Every structure is written in structure tokens, then in C-alpha cells.
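Below: the structure, in C-alpha cells.
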Amino acid sequence: MRILLVEDDQMLGDALRTSLKQEGFTTDWVRDAEEAELALATGDYSLLLLDLGLPGKGGLDLLAELRSTADPVPVIILTARDAVPDRIRGLDAGADDYLVKPFDPEELAARIRALHRRRAGRAVPLIEHGSLVLNPATRQVHRDGRRVHLSAREYVILAALMERPGTLLSRAALEERIYGWGEEIESNAVEVHIHNLRKKIGAETIRTVRGVGYMLADVP
Ligand code: CA
């Protein structure tokens, strides 16, 4: 999952990016609304983490503009403890959830997972496909009841495929999910991860559509 973090506080931004990475999320971090608009226009994000008190245009204005263009990206707003009216305005302006600073990074990660689950129309936390079971909270994968050990990037790719069975994901779409800004994209990395995934979860589980991308195979 690729996240756009809009936060002007250097220390908080740094800490958030680090903790989100530990939770398995790829995060791009911008410091103001203008940079955020540019990032949203060019990138494909699963979530926007939005500080409201930004220099220049505020987070609430950014959110209102985003929703006025019918951009459906899920939004969690980050607010100060005493800013109840801002939270109400944020939710009414189209935010999906909010967190009050200071917050526990683990709570943020859990809220991100819950929001993602609701958006995908799932009420249960586990994602199942045939004999494969993926738990987004623990980032563990089991096949036929046995734990399968995946690397961080193998996990991200498998989660992307399992979240949307029947959807074809291009190599570029998968690269977007596993690399943040400034990270060098190794050529063929996706192919290598898919190759290793197939060895671990069964060659027949992931289909290659030549020249287009990858998708989960139908459950027999
Ligand atoms: Ca701020």
C-alpha cells in the first residue's frame, strides 16, 4: 500500500515515515498542500494522511478541493488535541477518520488497515483465496494451515494481488507499491519477487498475462 503523508513537522514526519515503513507501508512525504496536489496528480495512492495545520493552504482546504473533484482517495486527518471543530469539519468535508496528536503509530497502522478493509468491502480482517490466508495485521501468510515466510516486498506484492482477486496488476503498478520516492527501482525486481513467491505459495497461484501484468489465478 502506498501512502501520501502531508505533514510539515520535520520530527513527526520523520517518525511517521519510519514507523509506517516498519508496518510494511510505502510512504511518500510532502510538507505542504501544493506539493500534495502535485503528488496526487501524478501518483497512485491508497491513502492520504493529512495534517490540518500546514503552511500556506491548510489541510481542510486541500481536502475540500480533493472531494470537489470527486477524488475518492481515503483520508485520515491528523489533528491537535484541542481542535474538535477542525475534526468535525474534516469528517464532514470527506475525511474517513482522524487521529489526535500525539498518537501511537500502532494505532495509526491499525486504523489504516481497518479503513482499507472497509473500502474493499470486507468486514473480516483476514483475506482468503483458496488455501491461502493473509493476515494484514500480523503480515503473516499461511498456505494449507502452514506459515509461509515472505520477504517484505514479496508480502506487499501478494497482498496487492489478494486484495483484488480478478484484477490484473501491471508491473508498474506493483513497483509503485514497493518503492517510495528516491528508492532506486531495480529492473526485473517484480519478476524476481513473483518468481520467489511462486516457489513459496505454488506456481499455479499467480498468473502472468504476458506484456500486461499479473493476477491471482482462479481457485480451482
Ligand atoms: Ca502542522
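Chains: A, B, ... in order of the C-alpha cells. Residues: from 1 per chain. Ligands: from 1, in order shown.
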Query raised in the report: Residues of segment 9-134 of chain A in strand (DSSP E) according to DSSP, as number ranges by chain?
Result: A: 26-30, 47-51, 75-79, 97-100, 127-129, 132-134
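The neighbours of Gly24 of chain A here are the residues that come within 9 Å of it, using only C-alpha atoms and leaving out any residue fewer than 6 positions away in the same chain; they are Met1, Arg139, Ala152, Arg153, Tyr155 and Val156 of chain A.
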Take the residues from that selection and write them out as a compact mmCIF listing (two decimals), in the first residue's frame, keeping C-alpha atoms.
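What follows is the written file part17.txt:
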# COMPACT_ATOMS: atom_id res chain seq x y z
CA MET A 1 0.00 0.00 0.00
CA ARG A 139 1.56 -9.61 7.88
CA ALA A 152 8.67 -7.57 2.96
CA ARG A 153 8.35 -6.92 -0.77
CA TYR A 155 4.35 -9.73 1.07
CA VAL A 156 3.38 -6.37 -0.42
Distance table requested - chain A against ligand 1, cut-off 8 Å, only C-alpha atoms and all ligand atoms: one row per qualifying residue with the closest atom pair and its distance in Å to one decimal, ordered by chain and rising residue number, as a tab-separated table.
residue	atom	partner	partner_atom_place_in_ligand_line	distance
A:Glu7	CA	ligand 1	1 (Ca)	5.9
A:Asp8	CA	ligand 1	1 (Ca)	5.1
A:Asp9	CA	ligand 1	1 (Ca)	5.6
A:Asp51	CA	ligand 1	1 (Ca)	5.7
A:Leu52	CA	ligand 1	1 (Ca)	6.4
A:Gly53	CA	ligand 1	1 (Ca)	4.1
A:Leu54	CA	ligand 1	1 (Ca)	4.8
A:Pro55	CA	ligand 1	1 (Ca)	7.4
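The protein and nucleic acid residues lying at most 10 Å from segment 38-40 of chain A are A:Leu4, A:Asp28, A:Trp29, A:Val30, A:Ala33, A:Glu34, A:Asp44, A:Tyr45, A:Leu48, A:Leu66, A:Asp71, A:Val73, with only C-alpha atoms considered and sequence neighbours fewer than 4 positions away removed.
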Requested in this report: Please return as a PyMOL selection string: the residues of chain A that backbone DSSP assigns to alpha helix (DSSP H).
Outcome: chain A and resi 10-22+33-42+59-68+84-92+105-119+152-163+171-178+189-201
Query raised in the report: What lies within 10 Å of Asp82 of chain A using only C-alpha atoms, ignoring chain neighbours under 4 positions off, as a ChimeraX atom specification?
Result: /A:86-87,100-101
Report task. Find, counting only C-alpha atoms, the residue in A:Arg164, A:His149, A:Arg31, A:Arg177 that gets nearest to Ile127 of chain A. Result ->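 For Ile127 of chain A, the nearest of the given residues is A:Arg164.
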Report task. Using only C-alpha atoms, determine which residues lie at most 12 Å from segment 183-188 of chain A, disregarding the query and same-chain residues fewer than 3 positions distant; provide the list as JSON, numbers by chain. Result -> {"A": [26, 27, 28, 171, 172, 174, 175, 176, 177, 178, 179, 180, 191, 192, 193, 194, 195]}
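Nearest residue to Leu16 of chain A, choosing from A:Gly90, A:Pro102, A:Ala95, A:Leu63 and counting only C-alpha atoms: A:Pro102.
Taking atom CA of Leu168 of chain A as the reference point, atom CA of Arg113 of chain A is found at 22.1 Å.
Counting only C-alpha atoms, the residue from A:Ser170, A:Thr205, A:Gln10, A:Gln22 that sits nearest to Leu132 of chain A is A:Thr205.
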Query raised in the report: Closest to Pro74 of chain A among A:Ile88, A:Ala217, A:Ala114, A:Ala15, using only C-alpha atoms?
Result: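 Smallest distance to Pro74 of chain A is found for A:Ala114.
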Query raised in the report: Any idea what the distance is between atom CA of Gly130 of chain A and atom CA of Arg143 of chain A?
Result: 8.8 Å
Requested in this report: One decimal, Å: what's the distance from atom CA of Pro125 of chain A over to atom CA of Leu216 of chain A, could you say?
Outcome: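 Those two atoms sit 19.3 Å apart.
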Query raised in the report: Hey, what's within 10 Å of Glu204 of chain A if we count only C-alpha atoms and toss same-chain stuff fewer than 4 positions away? As a list of chain:residue names, please?
Result: A:Arg198, A:Lys199, A:Thr208, A:Leu216, A:Ala217, A:Asp218, A:Val219
Since we have the selection now, will you write its residues out, keeping N, CA and C atoms, as a PDB file, in the first residue's frame?
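The result, stored in part.pdb:
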ATOM      1  N   ARG A 198       6.070 -17.610  -6.259  1.00  0.00           N
ATOM      2  CA  ARG A 198       5.509 -18.849  -6.821  1.00  0.00           C
ATOM      3  C   ARG A 198       6.162 -20.074  -6.205  1.00  0.00           C
ATOM      4  N   LYS A 199       7.451 -19.969  -5.912  1.00  0.00           N
ATOM      5  CA  LYS A 199       8.128 -21.113  -5.277  1.00  0.00           C
ATOM      6  C   LYS A 199       7.556 -21.364  -3.888  1.00  0.00           C
ATOM      7  N   THR A 208       0.603 -15.012 -15.039  1.00  0.00           N
ATOM      8  CA  THR A 208       1.230 -13.930 -15.789  1.00  0.00           C
ATOM      9  C   THR A 208       0.410 -13.708 -17.053  1.00  0.00           C
ATOM     10  N   LEU A 216      -4.081 -13.022  -9.562  1.00  0.00           N
ATOM     11  CA  LEU A 216      -4.257 -14.304  -8.888  1.00  0.00           C
ATOM     12  C   LEU A 216      -5.018 -15.228  -9.821  1.00  0.00           C
ATOM     13  N   ALA A 217      -4.612 -16.492  -9.824  1.00  0.00           N
ATOM     14  CA  ALA A 217      -5.362 -17.471 -10.612  1.00  0.00           C
ATOM     15  C   ALA A 217      -6.664 -17.793  -9.896  1.00  0.00           C
ATOM     16  N   ASP A 218      -7.694 -18.190 -10.635  1.00  0.00           N
ATOM     17  CA  ASP A 218      -8.950 -18.587 -10.009  1.00  0.00           C
ATOM     18  C   ASP A 218      -8.704 -19.800  -9.123  1.00  0.00           C
ATOM     19  N   VAL A 219      -9.481 -19.879  -8.064  1.00  0.00           N
ATOM     20  CA  VAL A 219      -9.393 -21.055  -7.206  1.00  0.00           C
ATOM     21  C   VAL A 219     -10.058 -22.206  -7.924  1.00  0.00           C
TER      22      VAL A 219
END
